[in-house]
Structure formats: C-alpha cells, structure tokens
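First up is the structure itself, then whatever we jot down about it.
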Amino acid sequence: MTPTRKRRLIGVLVIIIGVGAASVVAMKALNENMLYFWSPSDVKEQSVPAGKRIRLGGLVAGGSVSRAPDSLEVSFIVTDGAASIETRFDGILPDLFREGQGVIAIGEFSREGYFQAAEVLAKHDENYMPPEVADALEKAGHTESGQ
Amino acid sequence: MNPIMLFIHKTGSPPWFYQKTGYLIPWLWAIFLVLTAIGLYLGFVKAPVDYQQGTTVRIMYLHVPSAWMSMMIYGFMAIMGFIALVWRIRMLEVLVISSAPVGAAFTMIALLTGSMWGRPMWGTFWVWDARLTSELVLLFLYFGVIALYNAYDEPRKAARAASLLSIVGAFNLPIIYFSVEWWNTLHQGSSFGGDGPGIHPEMLWPLLIMATAVKFFYGANLLTRARLTLLKQDHRKRWVQDLVSEEH
C-alpha cells in the first residue's frame with residue numbers, strides 16, 4: 001500500500017471511530033427518551049404524577065374490557081404481568097384492539113388514580129399466519145397474545 | 001498483476017464498464033419482471049390472509065423488501081465509498097452517487113407503505129418511535145448525499161464528499177436494525193430468529209421472492225444510472241465521442 005493510501009486509510013478510520021464513539025455516547029444519553037412507552041411496572045416504580053402526559057404500553061388483561069352501553073366509553077386493564085393499571089378511553093379503538101393484545105395508551109393519570117387515555121394504539125407482534133394455523137396453535141395450547 | 005487488481009482495473013475503466021453493463025442490464029430487468037410477477041401473484045392472490053390483520057397483511061410484501069433494500073443500498077454505498085475514498089477508484093464513486101436515488105426511493109416506499117399499514121392496524125399513520133424515526137433519518141441521509149454531490153461543480157470532489165457522508169451515516173444502520181430490540185417501540189420486532197412462530201411459510205415465500213426481485217431492480221437501475229453518469233462526465237472524452245459517431 002502506498003504511503004498516500006495509507007494516510008487516507010488512517011484518516012477515514014479515525015473519522016469512523018470518532019463518529020462511532022460519538023453515536024454510542026449519544027445513544028446512551030438519549031436512552032430514556034428513546035423509549036416509546038412505559039410499562040405498568042415502570043409507572044409503578046417511578047410514581048408518575050397526575051396530569052403528566054405519558055405513553056403506557058402493555059397487554060389488555062383478559063376479561064377486563066367493559067364498554068358503556070350508550071357511548072364509546074370503554075375501560076380496560078393494561079398489564080405487563082407484574083403490574084396492572086386501570087385505563088379509561090372515550091373514542092374509536094383500532095381494529096386490532098382486543099383482550100390479550102398489546103396496546104399503547106397515550107394520556108395521563110387522573111386524580112382518582114386511573115389512567116385516562118386520549119388515544120389508544122394497537123401494537124402488532126412479529127407473527128404472521130393464516131387463521132386456520134392460529135386456531136390450530138391455540139388448540140395446541142399456545143397463547144396468541146400480541147406484544 | 002494479481003487477478004483481483006486486474007479485475008478492479010478493468011471494471012474501473014469506463015469504456016469497459018459501459019460496454020459490459022450494456023449486455024447485462026436487459027437480463028437484470030427481465031429477471032426483475034419475472035420475479036415480481038411471480039411474487040405479486042403469490043403475495044396478492046395466493047397467499048392466505050392473516051389471522052389478525054386480514055388482507056392488510058399483503059402490504060408486507062411491498063413494505064419489508066423495500067425496507068431491507070433501503071438499508072442494504074446504504075450499506076453498499078458506505079462500503080464502496082470507503083474504498084473509493086482510500087483508493088480513489090472513480091468507478092466506485094460513480095456507483096455510490098448512482099445508488100443514492102434508488103435507495104431514497106426504497107426508503108420512501110418503506111415509509112409510505114408502513115404508514116398505510118399503520119393507520120388501520122395501529123390506529124395511526126405515524127409515531128415518533130425509534131424504528132420509524134431512524135428510518136426517516138435514513139431518508140434524510142440519502143437526500144444529504146444527493147445534495148452534497150450536487151453542491152460541487154467538480155464531480156470527483158463531489159463524489160468524495162458524498163462518499164464521506166455515506167460512511168458517516170452508516171452508523172444509522174445498526175440503530176434502525178436494532179431499534180426494536182434496544183428500545184420499546186410501536187413497530188414490531190423482527191420475525192426472523194425469534195422464538196415465536198414468525199411468518200408462516202405460505203406468506204414467507206412471496207416475501208422472499210419479492211425481496212429477491214427488488215435486488216435485480218436495484219442492479220438494473222444502478223447500472224443504468226451509472227452509465228448515464230459516465231456519459232455525462234466523459235462527454236468530451238474519446239470513448240464517448242467514438243460511441244456517438246458509431247451510432248450515427
């Protein structure tokens with residue numbers, strides 16, 4: 001390798017290492033802010049004050065969904081297995097919303113202690129299959145819950 | 001001269017590159033068209049619907065191959081840019097700059113199809129989670145490479161600046177790829193290598209065929225662009241003049 005090429009190679013490598021180190025440091029610093037949502041356990045640990053807008057993510061607990069008969073109001077429990085949070089929402093839910101599904105609720109805690117969502121998003125998992133296969137899996141005892 | 005250097009010198013010669021790729025390009029287009037026809041038929045007609053998403057799952061056959069291409073092309077640009085910077089191989093500089101518009105197009109397709117899927121499935125067109133945001137940053141990096149190249153009058157200097165940005169921007173690639181593992185995101189994780197059922201084979205095949213098809217599209221499109229760039233840059237040179245007089 002000629003000296004000129006060696007010099008260029010070292011120059012480029014120095015830039016790569018510099019930028020690499022800088023991006024690792026930036027990622028570490030941003031780590032908390034890069035989290036798109038908080039799990040119910042995070043919320044319980046950190047005791048989020050009422051009125052602070054957060055994104056709460058977890059599974060809709062089985063059997064916890066109850067709808068008001070005369071309005072769009074719905075209440076359900078968001079859980080991550082370790083902690084559970086009662087959530088209320090008044091609006092149109094996404095197609096994928098169901099019990100056992102992963103959801104992200106955007107809103108704030110009320111003074112009474114429940115989570116008032118202004119928006120609910122459904123989280124899809126990385127499994128794709130035809131309905132027959134999903135049924136067969138469920139019969140075989142696998143859970144098909146999202147997250 | 002060892003065979004590797006000989007190959008590099010040969011392909012590095014614009015007239016040689018121009019002539020040989022001229023034979024190759026029609027084949028690449030043909031394979032792309034055949035594979036796309038098969039992939040679209042299998043994906044949009046034959047493949048079963050998803051147990052949760054219904055027919056919306058078919059967006060995957062466009063979204064996932066485009067998203068893969070958006071990252072792969074940038075990775076290529078970074079590698080070629082690195083070699084071009086150190087060894088000053090002009091042909092690679094041309095390939096870096098000719099890749100950028102194709103990569104930007106795939107990034108845009110990935111973002112658009114993703115938000116078309118997101119609206120019915122998630123309930124929103126867009127969220128600022130780590131995966132979506134880093135993919136948007138990738139689009140801006142492509143724009144940056146194109147803009148930087150066009151900011152210089154001298155093409156060799158322009159290509160070196162663009163190559164350097166390609167290398168620096170490549171740090172975004174692992175961030176995009178691992179974003180769904182490192183942070184909580186709305187975007188689902190990778191379907192490959194997990195412990196869940198992943199993608200059912202009847203859905204996986206059309207996906208893989210489409211993913212292969214777009215690689216041929218990239219090849220054909222890249223080489224066509226590279227040939228045009230060469231003609232533009234060398235329009236006063238002997239080989240281009242000869243080529244033009246042959247045609248007349």
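Convention: chains lettered A, B, ... in structure tokens order; per-chain residue numbering from 1; ligands numbered from 1 as shown.
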Return as CSV the residues of chain A lying at most 7 Å from chain B, together with the closest atom-to-atom pair for each and the distance in Å to one decimal, counting only C-alpha atoms, with rows in chain order and ascending residue number.
```
residue,atom,partner,partner_atom,distance
A:Arg5,CA,B:Val86,CA,5.6
A:Arg8,CA,B:Val86,CA,5.3
A:Leu9,CA,B:Val86,CA,5.4
A:Ile16,CA,B:Val168,CA,6.5
A:Val19,CA,B:Val168,CA,6.7
A:Gly20,CA,B:Phe171,CA,6.7
A:Met34,CA,B:Ala130,CA,6.1
A:Leu35,CA,B:Asn184,CA,5.1
A:Tyr36,CA,B:Thr185,CA,5.2
A:Phe37,CA,B:Asn184,CA,6.1
A:Pro94,CA,B:Gly123,CA,4.9
A:Asp95,CA,B:Met121,CA,6.1
A:Leu96,CA,B:Met121,CA,6.0
A:Leu121,CA,B:Trp122,CA,5.0
A:Ala122,CA,B:Trp122,CA,4.5
A:Lys123,CA,B:Leu186,CA,5.9
A:His124,CA,B:Gln188,CA,6.0
A:Asp125,CA,B:Gln188,CA,5.3
A:Glu126,CA,B:Ser191,CA,4.8
A:Asn127,CA,B:Gly198,CA,4.4
A:Tyr128,CA,B:Ile199,CA,4.7
A:Met129,CA,B:His200,CA,5.0
A:Pro130,CA,B:Asp50,CA,4.7
A:Pro131,CA,B:Tyr51,CA,4.0
A:Ala134,CA,B:Tyr51,CA,6.5
```
Pull C-alpha atoms from the residues just selected and write them as a tab-separated table (two decimals), in the first residue's frame.
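New file out.tsv:
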```
chain	number	residue	atom	x	y	z
A	5	ARG	CA	-3.27	5.48	0.52
A	8	ARG	CA	-6.07	8.31	3.59
A	9	LEU	CA	-6.98	4.97	5.14
A	16	ILE	CA	-15.25	6.32	11.51
A	19	VAL	CA	-18.34	9.20	14.73
A	20	GLY	CA	-18.91	5.71	16.12
A	34	MET	CA	-35.85	6.76	23.01
A	35	LEU	CA	-38.31	4.58	24.88
A	36	TYR	CA	-41.58	4.91	23.09
A	37	PHE	CA	-43.71	3.81	26.02
A	94	PRO	CA	-58.06	0.43	16.41
A	95	ASP	CA	-59.11	-2.81	14.63
A	96	LEU	CA	-56.54	-4.91	16.45
A	121	LEU	CA	-52.82	2.43	19.55
A	122	ALA	CA	-52.66	-1.32	18.98
A	123	LYS	CA	-49.27	-2.97	18.85
A	124	HIS	CA	-48.87	-5.81	16.41
A	125	ASP	CA	-46.47	-8.68	17.06
A	126	GLU	CA	-43.98	-10.24	14.65
A	127	ASN	CA	-46.07	-13.35	13.94
A	128	TYR	CA	-47.99	-13.70	10.70
A	129	MET	CA	-50.14	-16.72	9.93
A	130	PRO	CA	-53.41	-17.79	8.31
A	131	PRO	CA	-56.45	-18.03	10.62
A	134	ALA	CA	-53.68	-19.60	14.51
```
If you run DSSP over the backbone, which residues in region 28-99 of chain A end up helix (DSSP H, G or I)? Put them as an NGL selection string. :A and (28-34 or 40-46)
Pick out the closest residue to Leu42 (chain B) from this set: B:Ala161, B:Val214, B:Leu208, B:Val240. Count only C-alpha atoms.
->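 Closest to Leu42 (chain B) of all the choices is B:Leu208.
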Margin query: When DSSP is applied to the backbone of this structure, which of region 18-146 of chain A are assigned strand (DSSP E)? Write them out as a PyMOL selection string.
Written below: chain A and resi 54-60+66-67+73-79+84-90+102-109+115-123
